[in-house]
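Containing compact mmCIF, N, CA and C atoms: data.txt.
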```
# COMPACT_ATOMS: atom_id res chain seq x y z
N PHE A 761 34.56 -15.50 8.31
CA PHE A 761 34.62 -16.15 7.04
C PHE A 761 34.82 -15.09 5.98
N SER A 762 35.12 -15.50 4.78
CA SER A 762 35.30 -14.51 3.71
C SER A 762 34.51 -14.91 2.48
N VAL A 763 34.24 -13.92 1.68
CA VAL A 763 33.50 -14.11 0.43
C VAL A 763 34.46 -13.77 -0.70
N VAL A 764 34.43 -14.56 -1.76
CA VAL A 764 35.31 -14.30 -2.89
C VAL A 764 34.48 -13.75 -4.04
N ARG A 765 34.89 -12.60 -4.58
CA ARG A 765 34.21 -12.00 -5.72
C ARG A 765 35.28 -11.67 -6.75
N ASP A 766 35.14 -12.22 -7.91
CA ASP A 766 36.11 -12.00 -8.99
C ASP A 766 37.53 -12.31 -8.55
N GLY A 767 37.65 -13.37 -7.73
CA GLY A 767 38.97 -13.80 -7.30
C GLY A 767 39.55 -13.00 -6.15
N ALA A 768 38.88 -11.93 -5.72
CA ALA A 768 39.40 -11.11 -4.62
C ALA A 768 38.58 -11.38 -3.35
N PRO A 769 39.23 -11.86 -2.29
CA PRO A 769 38.48 -12.12 -1.06
C PRO A 769 37.99 -10.82 -0.44
N LEU A 770 36.78 -10.86 0.09
CA LEU A 770 36.19 -9.71 0.76
C LEU A 770 35.78 -10.12 2.17
N SER A 771 35.87 -9.20 3.07
CA SER A 771 35.38 -9.45 4.41
C SER A 771 33.87 -9.60 4.36
N ALA A 772 33.33 -10.47 5.20
CA ALA A 772 31.88 -10.67 5.23
C ALA A 772 31.17 -9.40 5.66
N LEU A 773 31.86 -8.52 6.34
CA LEU A 773 31.24 -7.27 6.78
C LEU A 773 31.67 -6.09 5.92
N ASP A 774 32.12 -6.37 4.71
CA ASP A 774 32.48 -5.34 3.76
C ASP A 774 31.29 -4.39 3.59
N THR A 775 31.57 -3.11 3.55
CA THR A 775 30.48 -2.13 3.48
C THR A 775 29.62 -2.31 2.24
N GLU A 776 30.15 -2.89 1.19
CA GLU A 776 29.34 -3.11 -0.01
C GLU A 776 28.34 -4.24 0.21
N LEU A 777 28.65 -5.20 1.08
CA LEU A 777 27.79 -6.35 1.28
C LEU A 777 26.79 -6.16 2.42
N VAL A 778 27.20 -5.46 3.46
CA VAL A 778 26.35 -5.31 4.63
C VAL A 778 26.18 -3.82 4.94
N PRO A 779 24.94 -3.34 4.91
CA PRO A 779 24.69 -1.92 5.19
C PRO A 779 25.12 -1.55 6.61
N ALA A 780 25.41 -0.29 6.81
CA ALA A 780 25.88 0.22 8.10
C ALA A 780 24.90 -0.11 9.23
N ALA A 781 23.62 0.03 8.98
CA ALA A 781 22.62 -0.24 10.02
C ALA A 781 22.68 -1.71 10.45
N ALA A 782 22.88 -2.61 9.50
CA ALA A 782 22.96 -4.03 9.82
C ALA A 782 24.25 -4.34 10.59
N ARG A 783 25.36 -3.70 10.20
CA ARG A 783 26.62 -3.90 10.92
C ARG A 783 26.49 -3.41 12.35
N HIS A 784 25.82 -2.28 12.52
CA HIS A 784 25.61 -1.73 13.87
C HIS A 784 24.77 -2.69 14.71
N GLN A 785 23.69 -3.21 14.13
CA GLN A 785 22.83 -4.14 14.85
C GLN A 785 23.57 -5.43 15.20
N LEU A 786 24.39 -5.94 14.28
CA LEU A 786 25.20 -7.12 14.54
C LEU A 786 26.17 -6.87 15.69
N HIS A 787 26.80 -5.70 15.69
CA HIS A 787 27.72 -5.34 16.76
C HIS A 787 26.99 -5.32 18.10
N ARG A 788 25.81 -4.72 18.14
CA ARG A 788 25.02 -4.68 19.39
C ARG A 788 24.66 -6.09 19.85
N LEU A 789 24.27 -6.95 18.91
CA LEU A 789 23.91 -8.32 19.24
C LEU A 789 25.11 -9.08 19.82
N LEU A 790 26.26 -8.97 19.16
CA LEU A 790 27.46 -9.66 19.63
C LEU A 790 27.93 -9.12 20.98
N SER A 791 27.83 -7.81 21.18
CA SER A 791 28.21 -7.22 22.46
C SER A 791 27.30 -7.72 23.57
N SER A 792 26.00 -7.78 23.30
CA SER A 792 25.05 -8.29 24.30
C SER A 792 25.34 -9.75 24.62
N ALA A 793 25.60 -10.54 23.60
CA ALA A 793 25.89 -11.96 23.81
C ALA A 793 27.14 -12.13 24.66
N ALA A 794 28.16 -11.32 24.40
CA ALA A 794 29.40 -11.41 25.18
C ALA A 794 29.17 -11.02 26.64
N ARG A 795 28.39 -9.96 26.88
CA ARG A 795 28.09 -9.55 28.26
C ARG A 795 27.30 -10.62 28.99
N LEU A 796 26.32 -11.21 28.32
CA LEU A 796 25.51 -12.25 28.95
C LEU A 796 26.34 -13.50 29.25
N ALA A 797 27.23 -13.86 28.33
CA ALA A 797 28.10 -15.02 28.57
C ALA A 797 29.00 -14.76 29.76
N ASP A 798 29.50 -13.55 29.89
CA ASP A 798 30.35 -13.20 31.03
C ASP A 798 29.55 -13.26 32.33
N ALA A 799 28.33 -12.74 32.32
CA ALA A 799 27.48 -12.77 33.51
C ALA A 799 27.14 -14.22 33.90
N LEU A 800 26.87 -15.05 32.90
CA LEU A 800 26.57 -16.46 33.17
C LEU A 800 27.77 -17.16 33.81
N GLU A 801 28.95 -16.89 33.30
CA GLU A 801 30.15 -17.51 33.87
C GLU A 801 30.38 -17.02 35.30
N THR A 802 30.12 -15.75 35.56
CA THR A 802 30.24 -15.21 36.92
C THR A 802 29.28 -15.94 37.84
N ASP A 803 28.05 -16.15 37.39
CA ASP A 803 27.06 -16.87 38.20
C ASP A 803 27.47 -18.32 38.43
N ARG A 804 28.07 -18.95 37.42
CA ARG A 804 28.55 -20.33 37.60
C ARG A 804 29.63 -20.39 38.68
N ARG A 805 30.54 -19.44 38.65
CA ARG A 805 31.61 -19.41 39.66
C ARG A 805 31.04 -19.16 41.05
N ARG A 806 30.07 -18.25 41.15
CA ARG A 806 29.44 -17.98 42.46
C ARG A 806 28.73 -19.23 42.98
N LEU A 807 28.03 -19.92 42.10
CA LEU A 807 27.35 -21.15 42.51
C LEU A 807 28.37 -22.16 43.02
N ALA A 808 29.47 -22.34 42.32
CA ALA A 808 30.50 -23.29 42.75
C ALA A 808 31.06 -22.90 44.11
N GLN A 809 31.28 -21.61 44.33
CA GLN A 809 31.80 -21.14 45.62
C GLN A 809 30.80 -21.40 46.74
N ARG A 810 29.52 -21.12 46.47
CA ARG A 810 28.50 -21.33 47.50
C ARG A 810 28.34 -22.81 47.83
N LEU A 811 28.33 -23.63 46.80
CA LEU A 811 28.21 -25.07 47.05
C LEU A 811 29.37 -25.56 47.90
N THR A 812 30.57 -25.09 47.58
CA THR A 812 31.75 -25.47 48.35
C THR A 812 31.64 -25.00 49.80
N SER A 813 31.18 -23.77 49.99
CA SER A 813 31.09 -23.22 51.35
C SER A 813 30.05 -23.97 52.19
N PHE A 814 29.06 -24.57 51.54
CA PHE A 814 28.04 -25.34 52.26
C PHE A 814 28.37 -26.83 52.29
N GLY A 815 29.51 -27.21 51.73
CA GLY A 815 29.91 -28.61 51.70
C GLY A 815 29.06 -29.43 50.76
N CYS A 816 28.55 -28.80 49.72
CA CYS A 816 27.69 -29.48 48.73
C CYS A 816 28.42 -29.62 47.41
N SER A 817 27.79 -30.35 46.51
CA SER A 817 28.33 -30.48 45.15
C SER A 817 27.16 -30.45 44.17
N LEU A 818 27.48 -30.27 42.90
CA LEU A 818 26.43 -30.34 41.87
C LEU A 818 25.78 -31.72 41.87
N GLY A 819 26.56 -32.74 42.18
CA GLY A 819 26.00 -34.08 42.26
C GLY A 819 24.95 -34.20 43.35
N GLY A 820 25.20 -33.56 44.48
CA GLY A 820 24.22 -33.57 45.56
C GLY A 820 22.96 -32.81 45.18
N VAL A 821 23.14 -31.69 44.50
CA VAL A 821 21.98 -30.92 44.04
C VAL A 821 21.19 -31.74 43.03
N PHE A 822 21.89 -32.35 42.08
CA PHE A 822 21.23 -33.19 41.08
C PHE A 822 20.43 -34.30 41.76
N SER A 823 21.05 -34.98 42.69
CA SER A 823 20.41 -36.08 43.39
C SER A 823 19.17 -35.62 44.14
N ALA A 824 19.25 -34.45 44.77
CA ALA A 824 18.10 -33.92 45.51
C ALA A 824 16.95 -33.61 44.56
N ILE A 825 17.26 -32.99 43.43
CA ILE A 825 16.21 -32.66 42.46
C ILE A 825 15.63 -33.91 41.85
N ALA A 826 16.49 -34.89 41.56
CA ALA A 826 16.05 -36.13 40.90
C ALA A 826 15.45 -37.13 41.89
N GLY A 827 15.38 -36.78 43.15
CA GLY A 827 14.83 -37.70 44.14
C GLY A 827 15.67 -38.93 44.35
N GLY A 828 17.00 -38.78 44.19
CA GLY A 828 17.91 -39.90 44.40
C GLY A 828 18.07 -40.80 43.19
N ARG A 829 17.34 -40.53 42.13
CA ARG A 829 17.48 -41.35 40.92
C ARG A 829 18.70 -40.90 40.12
N THR A 830 19.10 -41.73 39.17
CA THR A 830 20.31 -41.44 38.39
C THR A 830 20.04 -40.52 37.22
N VAL A 831 18.78 -40.27 36.88
CA VAL A 831 18.43 -39.31 35.83
C VAL A 831 17.33 -38.39 36.37
N LEU A 832 17.23 -37.24 35.76
CA LEU A 832 16.27 -36.22 36.18
C LEU A 832 15.20 -36.08 35.11
N GLY A 833 13.95 -36.22 35.49
CA GLY A 833 12.84 -36.03 34.56
C GLY A 833 12.22 -34.66 34.72
N ALA A 834 11.43 -34.26 33.74
CA ALA A 834 10.77 -32.95 33.80
C ALA A 834 9.87 -32.86 35.03
N ALA A 835 9.20 -33.94 35.38
CA ALA A 835 8.34 -33.94 36.57
C ALA A 835 9.16 -33.73 37.84
N ASP A 836 10.39 -34.28 37.87
CA ASP A 836 11.28 -34.08 39.03
C ASP A 836 11.63 -32.60 39.18
N LEU A 837 11.95 -31.98 38.05
CA LEU A 837 12.31 -30.57 38.07
C LEU A 837 11.13 -29.73 38.55
N ARG A 838 9.96 -30.00 38.02
CA ARG A 838 8.75 -29.28 38.41
C ARG A 838 8.47 -29.48 39.91
N ARG A 839 8.60 -30.71 40.40
CA ARG A 839 8.35 -31.03 41.80
C ARG A 839 9.34 -30.29 42.71
N ALA A 840 10.60 -30.27 42.32
CA ALA A 840 11.61 -29.58 43.13
C ALA A 840 11.34 -28.08 43.17
N LEU A 841 11.01 -27.50 42.05
CA LEU A 841 10.72 -26.06 42.03
C LEU A 841 9.49 -25.74 42.88
N LEU A 842 8.49 -26.58 42.81
CA LEU A 842 7.29 -26.41 43.62
C LEU A 842 7.63 -26.53 45.11
N HIS A 843 8.46 -27.50 45.44
CA HIS A 843 8.89 -27.70 46.83
C HIS A 843 9.57 -26.45 47.39
N TRP A 844 10.38 -25.80 46.55
CA TRP A 844 11.11 -24.60 46.97
C TRP A 844 10.30 -23.33 46.72
N ARG A 845 9.03 -23.52 46.39
CA ARG A 845 8.10 -22.40 46.13
C ARG A 845 8.57 -21.50 45.00
N LEU A 846 9.19 -22.09 44.01
CA LEU A 846 9.58 -21.40 42.78
C LEU A 846 8.65 -21.89 41.68
N LEU A 847 7.78 -21.05 41.23
CA LEU A 847 6.78 -21.46 40.25
C LEU A 847 6.92 -20.64 38.96
N PRO A 848 7.86 -21.02 38.11
CA PRO A 848 8.00 -20.26 36.86
C PRO A 848 6.81 -20.55 35.95
N PRO A 849 6.48 -19.59 35.07
CA PRO A 849 5.43 -19.86 34.08
C PRO A 849 5.82 -21.08 33.23
N GLU A 850 4.83 -21.74 32.68
CA GLU A 850 5.06 -22.96 31.90
C GLU A 850 6.09 -22.73 30.78
N HIS A 851 6.02 -21.59 30.13
CA HIS A 851 6.97 -21.28 29.05
C HIS A 851 8.41 -21.26 29.58
N GLU A 852 8.62 -20.63 30.73
CA GLU A 852 9.96 -20.57 31.32
C GLU A 852 10.42 -21.95 31.78
N LEU A 853 9.49 -22.74 32.29
CA LEU A 853 9.83 -24.10 32.69
C LEU A 853 10.30 -24.90 31.48
N GLY A 854 9.64 -24.71 30.34
CA GLY A 854 10.06 -25.37 29.11
C GLY A 854 11.45 -24.92 28.68
N LEU A 855 11.72 -23.63 28.79
CA LEU A 855 13.05 -23.12 28.44
C LEU A 855 14.11 -23.70 29.38
N LEU A 856 13.78 -23.77 30.65
CA LEU A 856 14.71 -24.33 31.63
C LEU A 856 15.00 -25.80 31.32
N TRP A 857 13.95 -26.54 31.00
CA TRP A 857 14.12 -27.96 30.67
C TRP A 857 15.00 -28.11 29.44
N ARG A 858 14.77 -27.31 28.41
CA ARG A 858 15.59 -27.41 27.19
C ARG A 858 17.04 -27.03 27.45
N ARG A 859 17.27 -26.20 28.44
CA ARG A 859 18.64 -25.81 28.79
C ARG A 859 19.44 -27.02 29.28
N TYR A 860 18.80 -27.88 30.06
CA TYR A 860 19.50 -29.01 30.66
C TYR A 860 19.43 -30.29 29.83
N SER A 861 18.35 -30.52 29.13
CA SER A 861 18.17 -31.79 28.42
C SER A 861 18.76 -31.76 27.03
N GLN A 862 19.14 -32.91 26.55
CA GLN A 862 19.59 -33.05 25.17
C GLN A 862 18.34 -33.00 24.28
N PRO A 863 18.45 -32.56 23.04
CA PRO A 863 17.28 -32.48 22.17
C PRO A 863 16.53 -33.82 22.10
N GLY A 864 15.25 -33.78 22.39
CA GLY A 864 14.40 -34.96 22.32
C GLY A 864 14.52 -35.92 23.49
N ALA A 865 15.38 -35.61 24.46
CA ALA A 865 15.59 -36.52 25.59
C ALA A 865 14.45 -36.38 26.60
N ALA A 866 14.09 -37.51 27.21
CA ALA A 866 13.05 -37.52 28.23
C ALA A 866 13.62 -37.31 29.62
N ALA A 867 14.93 -37.38 29.75
CA ALA A 867 15.57 -37.23 31.05
C ALA A 867 16.91 -36.52 30.89
N VAL A 868 17.37 -35.95 31.98
CA VAL A 868 18.66 -35.26 32.02
C VAL A 868 19.65 -36.13 32.78
N GLU A 869 20.79 -36.34 32.19
CA GLU A 869 21.89 -37.07 32.82
C GLU A 869 22.68 -36.12 33.72
N PRO A 870 23.33 -36.64 34.74
CA PRO A 870 24.14 -35.78 35.60
C PRO A 870 25.17 -34.96 34.82
N SER A 871 25.75 -35.54 33.78
CA SER A 871 26.77 -34.81 33.01
C SER A 871 26.16 -33.61 32.27
N ASP A 872 24.92 -33.76 31.79
CA ASP A 872 24.24 -32.63 31.13
C ASP A 872 23.95 -31.51 32.13
N PHE A 873 23.52 -31.91 33.31
CA PHE A 873 23.23 -30.96 34.39
C PHE A 873 24.50 -30.19 34.75
N ALA A 874 25.57 -30.93 34.97
CA ALA A 874 26.84 -30.31 35.35
C ALA A 874 27.38 -29.41 34.26
N ARG A 875 27.24 -29.83 33.00
CA ARG A 875 27.76 -29.04 31.88
C ARG A 875 27.16 -27.63 31.88
N GLN A 876 25.90 -27.51 32.27
CA GLN A 876 25.26 -26.20 32.26
C GLN A 876 25.62 -25.35 33.47
N LEU A 877 25.98 -25.98 34.57
CA LEU A 877 26.17 -25.23 35.81
C LEU A 877 27.61 -25.08 36.27
N GLN A 878 28.50 -25.93 35.79
CA GLN A 878 29.88 -25.82 36.28
C GLN A 878 30.62 -24.72 35.53
N PRO A 879 31.52 -24.05 36.25
CA PRO A 879 32.32 -23.01 35.60
C PRO A 879 33.17 -23.60 34.48
N ARG A 880 33.43 -22.81 33.50
CA ARG A 880 34.32 -23.22 32.41
C ARG A 880 35.75 -22.97 32.85
N GLY A 881 36.69 -23.69 32.28
CA GLY A 881 38.09 -23.43 32.57
C GLY A 881 38.61 -24.18 33.77
N ALA A 882 39.58 -23.59 34.46
CA ALA A 882 40.30 -24.27 35.54
C ALA A 882 39.40 -24.71 36.68
N ALA A 883 38.43 -23.88 37.05
CA ALA A 883 37.56 -24.24 38.17
C ALA A 883 36.63 -25.39 37.83
N ALA A 884 36.40 -25.61 36.55
CA ALA A 884 35.46 -26.64 36.13
C ALA A 884 35.90 -28.03 36.55
N ALA A 885 37.18 -28.29 36.54
CA ALA A 885 37.67 -29.63 36.88
C ALA A 885 37.32 -30.01 38.32
N SER A 886 37.45 -29.06 39.24
CA SER A 886 37.15 -29.39 40.64
C SER A 886 35.65 -29.57 40.85
N VAL A 887 34.83 -28.80 40.16
CA VAL A 887 33.37 -28.95 40.28
C VAL A 887 32.96 -30.29 39.68
N ALA A 888 33.52 -30.64 38.52
CA ALA A 888 33.19 -31.92 37.90
C ALA A 888 33.60 -33.07 38.78
N ALA A 889 34.72 -32.94 39.45
CA ALA A 889 35.17 -34.00 40.35
C ALA A 889 34.19 -34.17 41.50
N GLY A 890 33.66 -33.05 42.00
CA GLY A 890 32.67 -33.11 43.06
C GLY A 890 31.39 -33.78 42.61
N LEU A 891 31.01 -33.57 41.36
CA LEU A 891 29.81 -34.23 40.81
C LEU A 891 30.04 -35.71 40.72
N ALA A 892 31.20 -36.12 40.24
CA ALA A 892 31.48 -37.53 40.04
C ALA A 892 31.57 -38.27 41.37
N THR A 893 32.15 -37.64 42.38
CA THR A 893 32.32 -38.35 43.66
C THR A 893 31.06 -38.44 44.47
N SER A 894 30.09 -37.55 44.20
CA SER A 894 28.87 -37.58 45.01
C SER A 894 27.78 -38.41 44.39
N MET A 895 27.98 -38.93 43.21
CA MET A 895 26.94 -39.74 42.53
C MET A 895 27.11 -41.19 42.88
```

Please render this file's structure as structure tokens.
Amino acid sequence: FSVVRDGAPLSALDTELVPAAARHQLHRLLSSAARLADALETDRRRLAQRLTSFGCSLGGVFSAIAGGRTVLGAADLRRALLHWRLLPPEHELGLLWRRYSQPGAAAVEPSDFARQLQPRGAAAASVAAGLATSM
């Protein structure tokens, strides 16, 4: 975005507006965010490949976690993690739940679940198709 001062547009990161230390910190933050987004996408692709190699789909995973129901509740997620002997601290469980659920929602829909786990881009269409056909 740009800022206008006396009719002359200025870059939002103009040295007069943002000190060098703040620009450096912003650069570090954006670089970290980009690396994490790339790592997350790599993990999504790996998950899709593994599911395919085992003949599974995100829909099958969703159904297993939800106990065969059409929506996933927080208790379902907790029960599945306990079943697999994965016991995250309560704070992390809350973060995980917020990752999948819509704000204020009591349950997660299959589409919300898939949106978080399916790869973005070209591979996403085949994963989404697998979710739709297995539900």

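You will find atom C of A:Pro848 at 17.7 Å from atom CA of A:Ser861.
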
Work out how far apart atom C of A:Val778 and atom C of A:Ser792 are and give it in Å to one decimal.
20.6 Å

Provide the atom CA of A:Gly864 to atom CA of A:Ala835 distance in Å, to one decimal place.
15.5 Å

Using DSSP on the backbone coordinates, identify all residues within stretch 789-866 of chain A classified as alpha helix (DSSP H); present the result as an NGL selection string.
:A and (789-813 or 818-825 or 834-843 or 850-860)

If we count only C-alpha atoms and set the cut-off at 9 Å, which residues sit around A:Asp836, ignoring sequence neighbours fewer than 6 positions away in its own chain? Please answer as a PDB file with N, CA and C atoms, keeping the file's coordinate frame.
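Generated file (result.pdb):
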```pdb
ATOM      1  N   ILE A 825      17.260 -32.990  43.430  1.00  0.00           N
ATOM      2  CA  ILE A 825      16.210 -32.660  42.460  1.00  0.00           C
ATOM      3  C   ILE A 825      15.630 -33.910  41.850  1.00  0.00           C
ATOM      4  N   ALA A 826      16.490 -34.890  41.560  1.00  0.00           N
ATOM      5  CA  ALA A 826      16.050 -36.130  40.900  1.00  0.00           C
ATOM      6  C   ALA A 826      15.450 -37.130  41.890  1.00  0.00           C
ATOM      7  N   GLY A 827      15.380 -36.780  43.150  1.00  0.00           N
ATOM      8  CA  GLY A 827      14.830 -37.700  44.140  1.00  0.00           C
ATOM      9  C   GLY A 827      15.670 -38.930  44.350  1.00  0.00           C
TER      10      GLY A 827
END
```

Find the residues around A:Phe822 up to 7 Å (only N, CA and C atoms counted), leave out those fewer than 6 positions away in its own chain, and share them as a compact mmCIF listing (two decimals) with N, CA and C atoms, in the frame of the given file.
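Here's the written file around17.txt:
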```
# COMPACT_ATOMS: atom_id res chain seq x y z
N GLY A 828 17.00 -38.78 44.19
CA GLY A 828 17.91 -39.90 44.40
C GLY A 828 18.07 -40.80 43.19
N ARG A 829 17.34 -40.53 42.13
CA ARG A 829 17.48 -41.35 40.92
C ARG A 829 18.70 -40.90 40.12
N PRO A 870 23.33 -36.64 34.74
CA PRO A 870 24.14 -35.78 35.60
C PRO A 870 25.17 -34.96 34.82
```

What's around A:Asp798 at 12 Å? Count only C-alpha atoms, leave out sequence neighbours fewer than 6 positions away in its own chain, and write the answer as a PyMOL selection string.
chain A and resi 791-792+804-805+879-880

Output file: stretch 826-854 of chain A, N, CA and C atoms, as a CSV table (one decimal), in the first residue's frame:
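result12.csv written:
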```csv
chain,number,residue,atom,x,y,z
A,826,ALA,N,-14.1,-38.8,13.0
A,826,ALA,CA,-15.4,-38.4,13.4
A,826,ALA,C,-16.3,-39.6,13.9
A,827,GLY,N,-15.8,-40.8,13.8
A,827,GLY,CA,-16.6,-41.9,14.2
A,827,GLY,C,-17.7,-42.2,13.2
A,828,GLY,N,-17.5,-41.9,12.0
A,828,GLY,CA,-18.5,-42.2,10.9
A,828,GLY,C,-19.5,-41.1,10.8
A,829,ARG,N,-19.5,-40.1,11.7
A,829,ARG,CA,-20.5,-39.0,11.6
A,829,ARG,C,-20.1,-38.0,10.5
A,830,THR,N,-21.0,-37.2,10.1
A,830,THR,CA,-20.8,-36.3,9.0
A,830,THR,C,-20.1,-35.0,9.5
A,831,VAL,N,-20.0,-34.8,10.8
A,831,VAL,CA,-19.2,-33.6,11.3
A,831,VAL,C,-18.3,-34.1,12.4
A,832,LEU,N,-17.3,-33.4,12.7
A,832,LEU,CA,-16.3,-33.7,13.7
A,832,LEU,C,-16.4,-32.8,14.8
A,833,GLY,N,-16.6,-33.3,16.0
A,833,GLY,CA,-16.6,-32.5,17.2
A,833,GLY,C,-15.3,-32.5,18.0
A,834,ALA,N,-15.1,-31.5,18.9
A,834,ALA,CA,-13.8,-31.5,19.6
A,834,ALA,C,-13.6,-32.8,20.4
A,835,ALA,N,-14.7,-33.4,20.9
A,835,ALA,CA,-14.5,-34.6,21.7
A,835,ALA,C,-14.1,-35.7,20.8
A,836,ASP,N,-14.5,-35.7,19.5
A,836,ASP,CA,-14.1,-36.7,18.5
A,836,ASP,C,-12.6,-36.6,18.3
A,837,LEU,N,-12.1,-35.4,18.1
A,837,LEU,CA,-10.7,-35.1,17.9
A,837,LEU,C,-9.9,-35.6,19.1
A,838,ARG,N,-10.3,-35.2,20.3
A,838,ARG,CA,-9.6,-35.7,21.5
A,838,ARG,C,-9.6,-37.2,21.6
A,839,ARG,N,-10.7,-37.8,21.3
A,839,ARG,CA,-10.8,-39.3,21.4
A,839,ARG,C,-9.9,-40.0,20.4
A,840,ALA,N,-9.8,-39.4,19.2
A,840,ALA,CA,-8.9,-40.0,18.2
A,840,ALA,C,-7.5,-39.9,18.6
A,841,LEU,N,-7.1,-38.7,19.1
A,841,LEU,CA,-5.7,-38.5,19.5
A,841,LEU,C,-5.4,-39.4,20.6
A,842,LEU,N,-6.3,-39.6,21.6
A,842,LEU,CA,-6.0,-40.5,22.7
A,842,LEU,C,-5.9,-41.9,22.2
A,843,HIS,N,-6.7,-42.3,21.3
A,843,HIS,CA,-6.7,-43.7,20.7
A,843,HIS,C,-5.3,-43.9,20.1
A,844,TRP,N,-4.8,-42.9,19.4
A,844,TRP,CA,-3.5,-43.1,18.8
A,844,TRP,C,-2.3,-42.7,19.7
A,845,ARG,N,-2.6,-42.6,21.0
A,845,ARG,CA,-1.6,-42.2,22.0
A,845,ARG,C,-0.9,-40.9,21.7
A,846,LEU,N,-1.6,-40.0,21.2
A,846,LEU,CA,-1.1,-38.6,20.9
A,846,LEU,C,-1.8,-37.7,21.9
A,847,LEU,N,-1.1,-37.2,22.9
A,847,LEU,CA,-1.8,-36.5,24.0
A,847,LEU,C,-1.2,-35.1,24.0
A,848,PRO,N,-1.6,-34.2,23.1
A,848,PRO,CA,-1.0,-32.8,23.2
A,848,PRO,C,-1.6,-32.1,24.4
A,849,PRO,N,-0.8,-31.1,24.9
A,849,PRO,CA,-1.3,-30.3,26.0
A,849,PRO,C,-2.6,-29.6,25.6
A,850,GLU,N,-3.4,-29.3,26.6
A,850,GLU,CA,-4.7,-28.7,26.3
A,850,GLU,C,-4.6,-27.4,25.4
A,851,HIS,N,-3.6,-26.6,25.7
A,851,HIS,CA,-3.4,-25.4,24.9
A,851,HIS,C,-3.2,-25.8,23.4
A,852,GLU,N,-2.4,-26.8,23.1
A,852,GLU,CA,-2.1,-27.2,21.7
A,852,GLU,C,-3.4,-27.8,21.1
A,853,LEU,N,-4.1,-28.5,21.9
A,853,LEU,CA,-5.4,-29.1,21.4
A,853,LEU,C,-6.3,-28.0,21.0
A,854,GLY,N,-6.4,-26.9,21.8
A,854,GLY,CA,-7.2,-25.8,21.4
A,854,GLY,C,-6.7,-25.1,20.1
```
